[in-house]
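Note: the block below is model11.txt and it holds compact mmCIF, C-alpha atoms.
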```txt
# COMPACT_ATOMS: atom_id res chain seq x y z
CA MET A 1283 -22.90 -21.83 48.57
CA HIS A 1284 -26.14 -19.93 49.11
CA GLY A 1285 -25.72 -17.82 45.98
CA ALA A 1286 -24.74 -20.83 43.87
CA VAL A 1287 -28.12 -22.45 44.56
CA THR A 1288 -29.90 -19.40 43.16
CA GLY A 1289 -27.66 -19.28 40.10
CA ASN A 1290 -28.16 -22.96 39.26
CA PHE A 1291 -31.93 -22.75 39.68
CA ALA A 1292 -32.37 -19.61 37.57
CA THR A 1293 -30.76 -21.19 34.53
CA ARG A 1294 -33.15 -24.17 34.55
CA VAL A 1295 -36.44 -22.30 34.89
CA PRO A 1296 -37.21 -22.76 31.16
CA TRP A 1297 -36.69 -26.55 31.49
CA ILE A 1298 -38.90 -26.63 34.59
CA GLN A 1299 -41.64 -24.71 32.76
CA GLU A 1300 -41.54 -27.14 29.84
CA HIS A 1301 -41.43 -30.20 32.12
CA THR A 1302 -44.43 -29.11 34.19
CA GLY A 1303 -46.36 -27.83 31.16
CA VAL A 1304 -47.32 -24.53 32.81
CA SER A 1305 -48.07 -21.35 30.87
CA THR A 1306 -46.09 -18.14 31.23
CA GLY A 1307 -48.76 -16.69 33.51
CA GLN A 1308 -48.82 -19.82 35.67
CA LEU A 1309 -45.04 -19.76 35.90
CA GLY A 1310 -45.24 -16.18 37.13
CA ILE A 1311 -47.60 -17.31 39.89
CA ALA A 1312 -45.30 -20.18 40.86
CA LEU A 1313 -42.26 -17.90 40.98
CA ALA A 1314 -43.97 -15.77 43.62
CA PHE A 1315 -43.92 -18.69 46.07
CA PRO A 1316 -40.20 -18.52 47.01
CA ALA A 1317 -40.70 -15.00 48.36
CA ILE A 1318 -43.91 -16.06 50.13
CA GLY A 1319 -42.16 -19.03 51.75
CA ALA A 1320 -39.20 -16.88 52.79
CA SER A 1321 -41.39 -14.18 54.32
CA LEU A 1322 -43.35 -16.76 56.34
CA ALA A 1323 -40.33 -18.72 57.59
CA MET A 1324 -37.66 -16.10 58.25
CA PRO A 1325 -38.94 -15.17 61.73
CA LEU A 1326 -38.25 -18.79 62.78
CA ALA A 1327 -34.50 -18.50 62.15
CA GLY A 1328 -33.78 -16.73 65.43
CA ARG A 1329 -35.61 -19.38 67.46
CA ILE A 1330 -33.76 -22.20 65.67
CA SER A 1331 -30.40 -20.53 66.36
CA HIS A 1332 -31.40 -20.08 70.02
CA ARG A 1333 -32.34 -23.76 70.32
CA PHE A 1334 -29.40 -25.38 68.56
CA GLY A 1335 -26.67 -22.73 68.52
CA ALA A 1336 -25.63 -20.59 65.57
CA ARG A 1337 -23.24 -23.09 63.98
CA ALA A 1338 -25.57 -26.11 64.06
CA ALA A 1339 -28.52 -23.97 62.98
CA LEU A 1340 -26.67 -22.56 59.98
CA ARG A 1341 -25.32 -25.99 59.04
CA GLY A 1342 -28.79 -27.53 59.10
CA LEU A 1343 -30.64 -24.65 57.44
CA LEU A 1344 -28.04 -24.31 54.70
CA ALA A 1345 -28.23 -28.05 54.00
CA LEU A 1346 -32.03 -27.86 53.75
CA TRP A 1347 -31.66 -24.96 51.31
CA THR A 1348 -29.10 -26.68 49.08
CA LEU A 1349 -31.09 -29.93 49.06
CA SER A 1350 -34.31 -28.07 48.21
CA LEU A 1351 -32.75 -27.30 44.84
CA ILE A 1352 -33.90 -30.76 43.74
CA LEU A 1353 -37.59 -30.13 44.43
CA PRO A 1354 -38.64 -27.80 41.56
CA ALA A 1355 -37.12 -30.12 38.94
CA VAL A 1356 -39.14 -33.14 40.07
CA ALA A 1357 -42.47 -31.29 40.36
CA PRO A 1358 -44.89 -32.72 37.73
CA ASN A 1359 -47.50 -29.92 37.67
CA LEU A 1360 -48.32 -26.38 38.79
CA LEU A 1361 -49.62 -27.33 42.25
CA THR A 1362 -46.57 -29.36 43.21
CA LEU A 1363 -44.27 -26.75 41.68
CA CYS A 1364 -45.81 -24.06 43.90
CA GLY A 1365 -45.33 -26.32 46.94
CA ALA A 1366 -41.73 -27.06 45.97
CA LEU A 1367 -40.95 -23.38 45.52
CA LEU A 1368 -42.61 -22.55 48.84
CA VAL A 1369 -40.18 -24.92 50.60
CA TYR A 1370 -37.32 -23.65 48.44
CA GLY A 1371 -38.04 -20.07 49.53
CA ALA A 1372 -38.61 -20.91 53.19
CA THR A 1373 -35.24 -22.65 53.55
CA ALA A 1374 -33.55 -19.87 51.55
CA GLY A 1375 -34.92 -17.19 53.87
CA MET A 1376 -34.10 -18.95 57.13
CA SER A 1377 -30.52 -19.73 56.13
CA ASP A 1378 -30.17 -16.15 54.85
CA VAL A 1379 -31.17 -14.72 58.23
CA ALA A 1380 -28.85 -17.11 60.10
CA MET A 1381 -25.90 -16.16 57.87
CA ASN A 1382 -26.49 -12.42 58.17
CA ALA A 1383 -26.87 -12.60 61.95
CA LEU A 1384 -23.48 -14.32 62.18
CA GLY A 1385 -22.02 -11.83 59.71
CA VAL A 1386 -23.14 -8.93 61.89
CA GLU A 1387 -21.58 -10.55 64.96
CA VAL A 1388 -18.24 -11.10 63.19
CA GLU A 1389 -18.30 -7.52 61.88
CA GLN A 1390 -18.80 -6.18 65.41
CA ARG A 1391 -15.98 -8.33 66.78
CA LEU A 1392 -13.59 -7.24 64.03
CA ASP A 1393 -14.72 -3.61 64.44
CA LYS A 1394 -14.52 -3.03 60.69
CA PRO A 1395 -17.06 -3.35 57.86
CA ILE A 1396 -17.28 -6.76 56.17
CA MET A 1397 -20.97 -7.14 55.26
CA SER A 1398 -20.59 -5.78 51.74
CA GLY A 1399 -17.84 -8.28 51.00
CA LEU A 1400 -19.94 -11.15 52.40
CA HIS A 1401 -22.80 -10.19 50.09
CA GLY A 1402 -20.27 -9.79 47.29
CA MET A 1403 -19.30 -13.42 47.75
CA TRP A 1404 -22.99 -14.32 47.48
CA SER A 1405 -23.00 -12.55 44.10
CA VAL A 1406 -19.87 -14.46 43.07
CA GLY A 1407 -21.56 -17.72 44.04
CA SER A 1408 -24.63 -16.75 42.02
CA LEU A 1409 -22.50 -16.00 38.96
CA LEU A 1410 -20.62 -19.31 39.32
CA GLY A 1411 -23.85 -21.23 39.78
CA SER A 1412 -25.43 -19.61 36.74
CA ALA A 1413 -22.30 -20.42 34.71
CA ALA A 1414 -22.55 -24.08 35.73
CA GLY A 1415 -26.25 -24.09 34.93
CA THR A 1416 -25.64 -22.49 31.54
CA VAL A 1417 -23.18 -25.24 30.65
CA ALA A 1418 -25.66 -27.90 31.76
CA ALA A 1419 -28.49 -26.29 29.79
CA HIS A 1420 -26.30 -25.93 26.69
CA ALA A 1421 -25.41 -29.62 26.93
CA GLU A 1422 -29.16 -30.38 27.20
CA THR A 1423 -28.64 -32.16 30.52
CA ASP A 1424 -31.83 -33.24 32.24
CA ALA A 1425 -32.43 -30.65 34.98
CA ARG A 1426 -33.30 -33.40 37.47
CA LEU A 1427 -29.80 -34.82 37.08
CA HIS A 1428 -28.09 -31.44 36.96
CA LEU A 1429 -29.83 -29.99 40.03
CA ALA A 1430 -29.46 -33.23 42.02
CA LEU A 1431 -25.70 -33.22 41.39
CA ALA A 1432 -25.48 -29.51 42.19
CA ALA A 1433 -27.47 -30.02 45.40
CA GLY A 1434 -25.20 -32.85 46.52
CA VAL A 1435 -21.98 -30.94 45.86
CA LEU A 1436 -23.23 -27.72 47.46
CA THR A 1437 -24.55 -29.58 50.52
CA VAL A 1438 -21.15 -31.14 51.16
CA LEU A 1439 -19.27 -27.87 50.60
CA GLY A 1440 -21.73 -25.95 52.77
CA THR A 1441 -21.51 -28.44 55.62
CA VAL A 1442 -17.71 -28.31 55.57
CA SER A 1443 -17.70 -24.51 55.40
CA CYS A 1444 -19.98 -24.23 58.43
CA GLN A 1445 -17.35 -25.92 60.60
CA GLY A 1446 -15.43 -22.65 60.64
CA VAL A 1447 -18.16 -20.23 61.73
CA LEU A 1448 -18.68 -18.87 65.22
CA ASP A 1449 -20.78 -21.08 67.48
CA LEU A 1450 -22.85 -18.37 69.09
CA ARG A 1451 -24.95 -19.79 71.94
CA SER A 1452 -27.57 -18.24 74.20
CA THR A 1453 -27.18 -18.21 77.95
CA PRO A 1454 -29.38 -20.68 79.90
CA ASP A 1455 -31.55 -17.90 81.36
CA GLU A 1456 -32.13 -16.15 78.03
CA HIS A 1457 -35.70 -16.39 76.78
CA PRO A 1458 -36.08 -17.79 73.24
CA PRO A 1459 -37.34 -15.36 70.60
CA PRO A 1460 -41.00 -15.73 69.60
CA ARG A 1461 -41.89 -18.06 66.75
CA PHE A 1462 -43.63 -15.23 64.96
CA ALA A 1463 -43.48 -11.56 65.84
CA LEU A 1464 -43.92 -8.26 64.09
CA PRO A 1465 -40.59 -6.66 63.16
CA PRO A 1466 -39.40 -4.01 65.64
CA LYS A 1467 -39.94 -0.38 64.65
CA SER A 1468 -36.23 0.08 64.01
CA ALA A 1469 -36.31 -2.77 61.48
CA LEU A 1470 -39.25 -1.19 59.65
CA ILE A 1471 -37.38 2.10 59.21
CA ILE A 1472 -34.16 0.40 58.11
CA GLY A 1473 -36.16 -1.99 55.94
CA ALA A 1474 -37.60 0.97 54.03
CA VAL A 1475 -34.08 1.78 52.83
CA GLY A 1476 -33.57 -1.82 51.76
CA PHE A 1477 -36.98 -1.74 50.04
CA CYS A 1478 -35.86 1.10 47.75
CA ALA A 1479 -32.64 -0.70 46.81
CA VAL A 1480 -34.20 -4.11 46.21
CA PHE A 1481 -37.03 -2.60 44.16
CA ALA A 1482 -34.44 -1.03 41.86
CA GLU A 1483 -32.54 -4.33 41.76
CA GLY A 1484 -35.60 -6.41 40.86
CA ALA A 1485 -36.74 -3.91 38.24
CA SER A 1486 -33.31 -3.77 36.62
CA LEU A 1487 -32.71 -7.52 36.60
CA ASP A 1488 -36.09 -8.44 35.12
CA TRP A 1489 -36.73 -5.48 32.84
CA SER A 1490 -33.37 -4.11 31.65
CA ALA A 1491 -33.17 -6.34 28.57
CA VAL A 1492 -36.85 -5.71 27.79
CA TYR A 1493 -36.28 -1.95 28.11
CA LEU A 1494 -33.48 -1.93 25.55
CA ARG A 1495 -35.41 -4.16 23.17
CA ASP A 1496 -38.80 -2.43 23.35
CA VAL A 1497 -37.89 1.19 24.04
CA LEU A 1498 -34.64 1.51 22.11
CA GLY A 1499 -35.14 -1.27 19.55
CA THR A 1500 -31.85 -3.06 20.16
CA SER A 1501 -30.91 -6.64 19.28
CA ALA A 1502 -31.36 -9.45 21.78
CA GLY A 1503 -27.60 -9.69 22.31
CA LEU A 1504 -27.18 -6.01 23.11
CA ALA A 1505 -30.27 -6.06 25.30
CA ALA A 1506 -28.76 -8.90 27.35
CA ALA A 1507 -25.60 -6.82 27.79
CA SER A 1508 -27.55 -4.41 29.99
CA THR A 1509 -28.33 -7.20 32.47
CA THR A 1510 -24.70 -8.34 32.39
CA ALA A 1511 -23.48 -4.80 33.05
CA PHE A 1512 -25.85 -4.48 35.97
CA THR A 1513 -24.92 -7.77 37.66
CA CYS A 1514 -21.16 -7.39 37.12
CA MET A 1515 -21.08 -3.86 38.52
CA MET A 1516 -23.16 -4.97 41.48
CA ALA A 1517 -20.84 -7.88 42.30
CA ALA A 1518 -17.69 -5.77 41.89
CA ALA A 1519 -19.08 -2.94 44.03
CA ARG A 1520 -19.98 -5.33 46.85
CA LEU A 1521 -16.53 -6.89 46.88
CA ALA A 1522 -14.92 -3.44 47.08
CA GLY A 1523 -17.61 -1.85 49.22
CA ASP A 1524 -16.12 -2.58 52.65
CA HIS A 1525 -13.10 -0.37 51.94
CA VAL A 1526 -15.40 2.50 50.94
CA VAL A 1527 -17.59 2.05 54.02
CA ALA A 1528 -14.54 1.90 56.30
CA ARG A 1529 -13.35 5.23 54.93
CA PHE A 1530 -16.57 7.19 54.57
CA GLY A 1531 -19.03 5.43 56.88
CA PRO A 1532 -22.38 3.88 55.98
CA VAL A 1533 -24.39 7.12 55.79
CA ARG A 1534 -22.15 8.96 53.34
CA THR A 1535 -21.64 5.76 51.36
CA VAL A 1536 -25.38 5.20 50.92
CA ARG A 1537 -25.96 8.85 50.07
CA ALA A 1538 -23.32 8.65 47.36
CA SER A 1539 -24.76 5.31 46.25
CA GLY A 1540 -28.21 6.87 45.97
CA LEU A 1541 -26.81 9.68 43.83
CA LEU A 1542 -25.15 7.17 41.50
CA ALA A 1543 -28.33 5.09 41.21
CA THR A 1544 -30.41 8.22 40.60
CA ALA A 1545 -28.02 9.33 37.87
CA GLY A 1546 -28.32 5.85 36.35
CA GLY A 1547 -32.11 6.06 36.37
CA LEU A 1548 -32.04 9.47 34.71
CA LEU A 1549 -29.69 8.12 32.03
CA ILE A 1550 -32.12 5.28 31.33
CA VAL A 1551 -35.28 7.38 31.03
CA THR A 1552 -33.57 10.00 28.84
CA ALA A 1553 -31.55 7.54 26.72
CA ARG A 1554 -31.69 7.95 22.97
CA HIS A 1555 -28.87 5.49 22.35
CA PRO A 1556 -28.43 1.96 23.77
CA ALA A 1557 -25.03 2.80 25.24
CA MET A 1558 -26.65 5.40 27.51
CA ALA A 1559 -29.17 2.88 28.82
CA VAL A 1560 -26.50 0.19 29.39
CA ALA A 1561 -24.43 2.75 31.30
CA GLY A 1562 -27.52 3.70 33.28
CA PHE A 1563 -28.19 0.12 34.38
CA ALA A 1564 -24.52 -0.27 35.29
CA LEU A 1565 -24.76 2.84 37.48
CA ILE A 1566 -27.86 1.50 39.21
CA GLY A 1567 -26.02 -1.75 39.94
CA LEU A 1568 -23.05 0.21 41.28
CA GLY A 1569 -25.29 2.46 43.34
CA ILE A 1570 -27.50 -0.08 45.10
CA ALA A 1571 -24.88 -2.80 45.63
CA VAL A 1572 -23.90 -2.01 49.22
CA VAL A 1573 -27.28 -0.79 50.49
CA VAL A 1574 -28.80 -4.13 51.51
CA PRO A 1575 -25.63 -5.39 53.29
CA LEU A 1576 -25.50 -2.11 55.22
CA ALA A 1577 -29.21 -2.39 56.05
CA PHE A 1578 -28.66 -5.87 57.51
CA ALA A 1579 -25.67 -4.60 59.49
CA ALA A 1580 -27.71 -1.68 60.84
CA ALA A 1581 -30.56 -4.02 61.78
CA GLY A 1582 -28.17 -6.24 63.71
CA ARG A 1583 -27.02 -3.23 65.74
CA SER A 1584 -30.49 -1.80 66.29
CA GLY A 1585 -31.62 -3.74 69.35
CA PRO A 1586 -31.20 -6.66 71.74
CA ALA A 1587 -32.55 -9.25 69.27
CA PRO A 1588 -30.41 -9.07 66.11
CA SER A 1589 -31.98 -12.12 64.45
CA GLN A 1590 -35.48 -10.71 64.86
CA ALA A 1591 -34.46 -7.31 63.46
CA ILE A 1592 -32.58 -8.90 60.55
CA ALA A 1593 -35.57 -11.13 59.81
CA GLY A 1594 -37.76 -8.02 59.74
CA VAL A 1595 -35.50 -6.23 57.29
CA ALA A 1596 -35.16 -9.38 55.19
CA THR A 1597 -38.95 -9.77 55.04
CA ILE A 1598 -39.34 -6.21 53.76
CA THR A 1599 -36.61 -6.61 51.15
CA TYR A 1600 -37.94 -9.98 49.96
CA THR A 1601 -41.38 -8.39 49.63
CA SER A 1602 -39.88 -5.58 47.58
CA GLY A 1603 -38.21 -8.10 45.29
CA LEU A 1604 -41.54 -9.90 44.94
CA ILE A 1605 -43.62 -6.89 43.93
CA ALA A 1606 -41.04 -4.95 41.87
CA PRO A 1607 -41.26 -6.93 38.60
CA SER A 1608 -45.06 -6.97 38.53
CA ALA A 1609 -45.29 -3.31 39.61
CA ILE A 1610 -42.99 -2.27 36.79
CA GLY A 1611 -45.12 -4.26 34.33
CA SER A 1612 -48.38 -2.75 35.61
CA ILE A 1613 -47.07 0.82 35.43
CA ALA A 1614 -45.65 0.15 31.97
CA GLN A 1615 -49.03 -1.11 30.78
CA ALA A 1616 -50.79 1.96 32.19
CA THR A 1617 -48.20 4.49 31.00
CA SER A 1618 -44.94 3.30 29.47
CA LEU A 1619 -41.80 1.40 30.42
CA THR A 1620 -40.02 4.75 30.64
CA GLY A 1621 -42.63 5.84 33.16
CA SER A 1622 -41.91 2.72 35.21
CA PHE A 1623 -38.25 3.61 35.47
CA LEU A 1624 -39.16 7.11 36.62
CA LEU A 1625 -40.45 5.35 39.75
CA VAL A 1626 -37.17 3.43 40.06
CA THR A 1627 -35.31 6.74 39.77
CA ALA A 1628 -37.48 8.30 42.49
CA LEU A 1629 -36.85 5.37 44.85
CA ALA A 1630 -33.10 5.64 44.19
CA ALA A 1631 -33.30 9.32 45.14
CA GLY A 1632 -35.03 8.22 48.35
CA LEU A 1633 -31.80 6.49 49.38
CA VAL A 1634 -30.09 9.88 49.51
CA LEU A 1635 -32.74 11.22 51.89
CA ALA A 1636 -33.08 8.13 54.11
CA ALA A 1637 -29.40 7.18 54.49
CA GLY A 1638 -29.22 8.65 58.00
CA VAL A 1639 -31.08 5.69 59.52
CA LEU A 1640 -28.01 3.52 58.86
CA ARG A 1641 -25.80 5.61 61.15
CA VAL A 1642 -23.51 3.56 63.39
CA PRO A 1643 -24.30 4.27 67.08
CA GLU A 1644 -21.66 4.92 69.70
CA ARG A 1645 -19.93 1.75 70.83
CA ARG A 1646 -21.83 0.02 73.58
CA ALA A 1647 -20.11 -0.05 76.94
CA SER A 1648 -21.52 -3.43 77.84
CA VAL A 1649 -20.63 -6.65 76.17
CA SER A 1650 -23.09 -9.15 74.79
CA SER A 1651 -24.62 -11.51 77.31
CA ALA A 1652 -24.21 -14.39 74.89
CA THR A 1653 -21.39 -16.87 75.27
CA PHE A 1654 -19.37 -18.30 72.43
CA ASP A 1655 -18.03 -21.77 71.89
CA LEU A 1656 -15.09 -21.37 69.55
CA LYS A 1657 -14.11 -25.04 69.41
CA GLY A 1658 -13.48 -26.06 65.85
CA SER A 1659 -13.47 -22.46 64.58
```

Now, as a test, write the supplied structure out as structure tokens.
Amino acid sequence: MHGAVTGNFATRVPWIQEHTGVSTGQLGIALAFPAIGASLAMPLAGRISHRFGARAALRGLLALWTLSLILPAVAPNLLTLCGALLVYGATAGMSDVAMNALGVEVEQRLDKPIMSGLHGMWSVGSLLGSAAGTVAAHAETDARLHLALAAGVLTVLGTVSCQGVLDLRSTPDEHPPPRFALPPKSALIIGAVGFCAVFAEGASLDWSAVYLRDVLGTSAGLAAASTTAFTCMMAAARLAGDHVVARFGPVRTVRASGLLATAGGLLIVTARHPAMAVAGFALIGLGIAVVVPLAFAAAGRSGPAPSQAIAGVATITYTSGLIAPSAIGSIAQATSLTGSFLLVTALAAGLVLAAGVLRVPERRASVSSATFDLKGS
């Protein structure tokens, strides 16, 4: 459900730009506000879960996120669009943290890796949402109608789905997490790994087609194939990633992933034929796919406040996704687009060196102090 909101929204950005009458530069400013809203609001997710319980918190936050899909389409100008996207990002980030905190808890109870598969389902939802949005855009459906219908359907499906999640509740004597707090040191170190992966993701998603068109002189259709190759490989790798992690562990998996992504970056910057560049972007997608799920899982194990640690890692990764597209553009303007992807290649190599921070600690002897209400699960 969460991914489907993103997919539906992304397909209607051109309609929203035309409806609000903003320029390309103004649209770029507005599209920074989801990441700003998410970064500001994510630390609140742990306190909301403490106050209402994990199930009710996720149900409410997910409903706010799905319903916020309506807001950008009804914004009449740049100012209101920025406000709408700020709310859109804030609800996205809080529901994201709540979901990942529950995912970490389920993974620990099952004692086997599942986070990659959960993020893989997010990718599937994003692909399905973008497919629905593409059909609506092709039919020239008014985005206000399309996104309102999508929001209604996804809100109902999300509310029903939340009935089956764990109802994690805090004990009466447990202090609530702070409304705002700096991420713990452990989250900063783990977040650096996620930063490298998300930077490569943002650069590849936003610039792969441009790279093939401008550097290799390909057609628009072939240029778009690079983005498709990247997203498909990323989704497939996440769905299959849990089996790999179960066999080789998170550290060796991320080291191998970093090597694949680095090889993909080298293919891109040395490409003399479009097929090499397309293969390079596919390798980057394959290489970085499982890194962020494993970073969230490591954050959830890193201390006594999983939600706070996950929020810290999520803030760092969202920030990386925010700055990556503009950083690539700035470096390309100063040097070349090939030079920009040398940076992406270097960050992918950093995954090989930093993978050790995701090591799974020895099983804790003590059990969690939290209690669980499993009624309705």

inquiry  = I want to know what sits within 12 Å of A:Ala1596, based on only C-alpha atoms, with residues of the same chain fewer than 3 positions away left out; could you give that as a PyMOL selection string?
reply    = chain A and resi 1317+1320-1325+1327+1374-1383+1465+1469-1470+1472-1477+1480+1574-1575+1577-1579+1581-1582+1588-1593+1599-1603

Go through stretch 1310-1413 of chain A residue by residue and, counting all atoms listed in the file, keep those with an atom at most 12 Å from stretch 1607-1613 of chain A; for each kept residue give the shortest atom pair and its distance in Å to one decimal, ordered by chain and increasing number, as a tab-separated table.
```
residue	atom	partner	partner_atom	distance
A:Gly1310	CA	A:Ser1608	CA	9.3
A:Ile1311	CA	A:Ser1608	CA	10.7
A:Leu1313	CA	A:Pro1607	CA	11.3
A:Ala1314	CA	A:Ser1608	CA	10.2
```

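Distance check against A:Gly1407 using all atoms listed in the file: of A:Leu1635, A:Arg1537, A:Gly1285, A:Gln1615, the minimum falls on A:Gly1285.
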
task = Please identify all polymer residues within 9 Å of stretch 1493-1507 of chain A, counting only C-alpha atoms, omitting same-chain residues fewer than 4 positions from it, and present them as number ranges by chain.
result = A: 1489, 1511-1512, 1550, 1553-1556, 1559-1560, 1619-1620

Since we have the selection now, will you write its residues out, keeping C-alpha atoms, as a PDB file, in the coordinates of the input?
```pdb
ATOM      1  CA  TRP A1489     -36.730  -5.480  32.840  1.00  0.00           C
ATOM      2  CA  ALA A1511     -23.480  -4.800  33.050  1.00  0.00           C
ATOM      3  CA  PHE A1512     -25.850  -4.480  35.970  1.00  0.00           C
ATOM      4  CA  ILE A1550     -32.120   5.280  31.330  1.00  0.00           C
ATOM      5  CA  ALA A1553     -31.550   7.540  26.720  1.00  0.00           C
ATOM      6  CA  ARG A1554     -31.690   7.950  22.970  1.00  0.00           C
ATOM      7  CA  HIS A1555     -28.870   5.490  22.350  1.00  0.00           C
ATOM      8  CA  PRO A1556     -28.430   1.960  23.770  1.00  0.00           C
ATOM      9  CA  ALA A1559     -29.170   2.880  28.820  1.00  0.00           C
ATOM     10  CA  VAL A1560     -26.500   0.190  29.390  1.00  0.00           C
ATOM     11  CA  LEU A1619     -41.800   1.400  30.420  1.00  0.00           C
ATOM     12  CA  THR A1620     -40.020   4.750  30.640  1.00  0.00           C
TER      13      THR A1620
END
```

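When atom CA of A:Ala1564 is paired with atom CA of A:Ser1398, their separation reads 17.8 Å.
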
Counting all atoms listed in the file, the residue of A:Asp1393, A:Glu1387, A:Glu1483, A:Glu1300 that sits nearest A:Leu1360 = A:Glu1300

Because some atoms of stretch 1352-1358 of chain A are absent here, can you restore all heavy atoms and send them as a CSV table (one decimal), in the frame of the given file?
```csv
chain,number,residue,atom,x,y,z
A,1352,ILE,N,-33.4,-29.6,44.5
A,1352,ILE,CA,-33.9,-30.8,43.7
A,1352,ILE,C,-35.4,-30.6,43.5
A,1352,ILE,O,-35.9,-31.1,42.5
A,1352,ILE,CB,-33.6,-32.1,44.5
A,1352,ILE,CG1,-32.1,-32.2,44.7
A,1352,ILE,CG2,-34.1,-33.3,43.7
A,1352,ILE,CD1,-31.7,-33.4,45.7
A,1353,LEU,N,-36.1,-30.1,44.4
A,1353,LEU,CA,-37.6,-30.1,44.4
A,1353,LEU,C,-38.3,-29.6,43.2
A,1353,LEU,O,-39.1,-30.2,42.6
A,1353,LEU,CB,-38.2,-29.5,45.7
A,1353,LEU,CG,-37.7,-30.1,47.0
A,1353,LEU,CD1,-38.3,-29.3,48.2
A,1353,LEU,CD2,-38.1,-31.6,47.1
A,1354,PRO,N,-37.9,-28.3,42.7
A,1354,PRO,CA,-38.6,-27.8,41.6
A,1354,PRO,C,-38.5,-28.7,40.3
A,1354,PRO,O,-39.4,-28.7,39.5
A,1354,PRO,CB,-38.0,-26.4,41.4
A,1354,PRO,CG,-37.4,-26.1,42.7
A,1354,PRO,CD,-37.0,-27.4,43.3
A,1355,ALA,N,-37.4,-29.3,40.1
A,1355,ALA,CA,-37.1,-30.1,38.9
A,1355,ALA,C,-37.9,-31.4,38.9
A,1355,ALA,O,-38.2,-31.9,37.8
A,1355,ALA,CB,-35.6,-30.5,38.8
A,1356,VAL,N,-38.4,-31.9,40.1
A,1356,VAL,CA,-39.1,-33.1,40.1
A,1356,VAL,C,-40.6,-32.9,40.2
A,1356,VAL,O,-41.4,-33.8,40.2
A,1356,VAL,CB,-38.7,-34.1,41.2
A,1356,VAL,CG1,-37.2,-34.5,41.0
A,1356,VAL,CG2,-38.8,-33.4,42.6
A,1357,ALA,N,-41.0,-31.6,40.3
A,1357,ALA,CA,-42.5,-31.3,40.4
A,1357,ALA,C,-43.1,-31.6,39.0
A,1357,ALA,O,-42.7,-31.1,38.0
A,1357,ALA,CB,-42.7,-29.8,40.7
A,1358,PRO,N,-44.3,-32.3,39.0
A,1358,PRO,CA,-44.9,-32.7,37.7
A,1358,PRO,C,-45.9,-31.7,37.2
A,1358,PRO,O,-46.3,-31.8,36.1
A,1358,PRO,CB,-45.5,-34.1,38.1
A,1358,PRO,CG,-45.9,-34.0,39.5
A,1358,PRO,CD,-44.8,-33.1,40.1
```
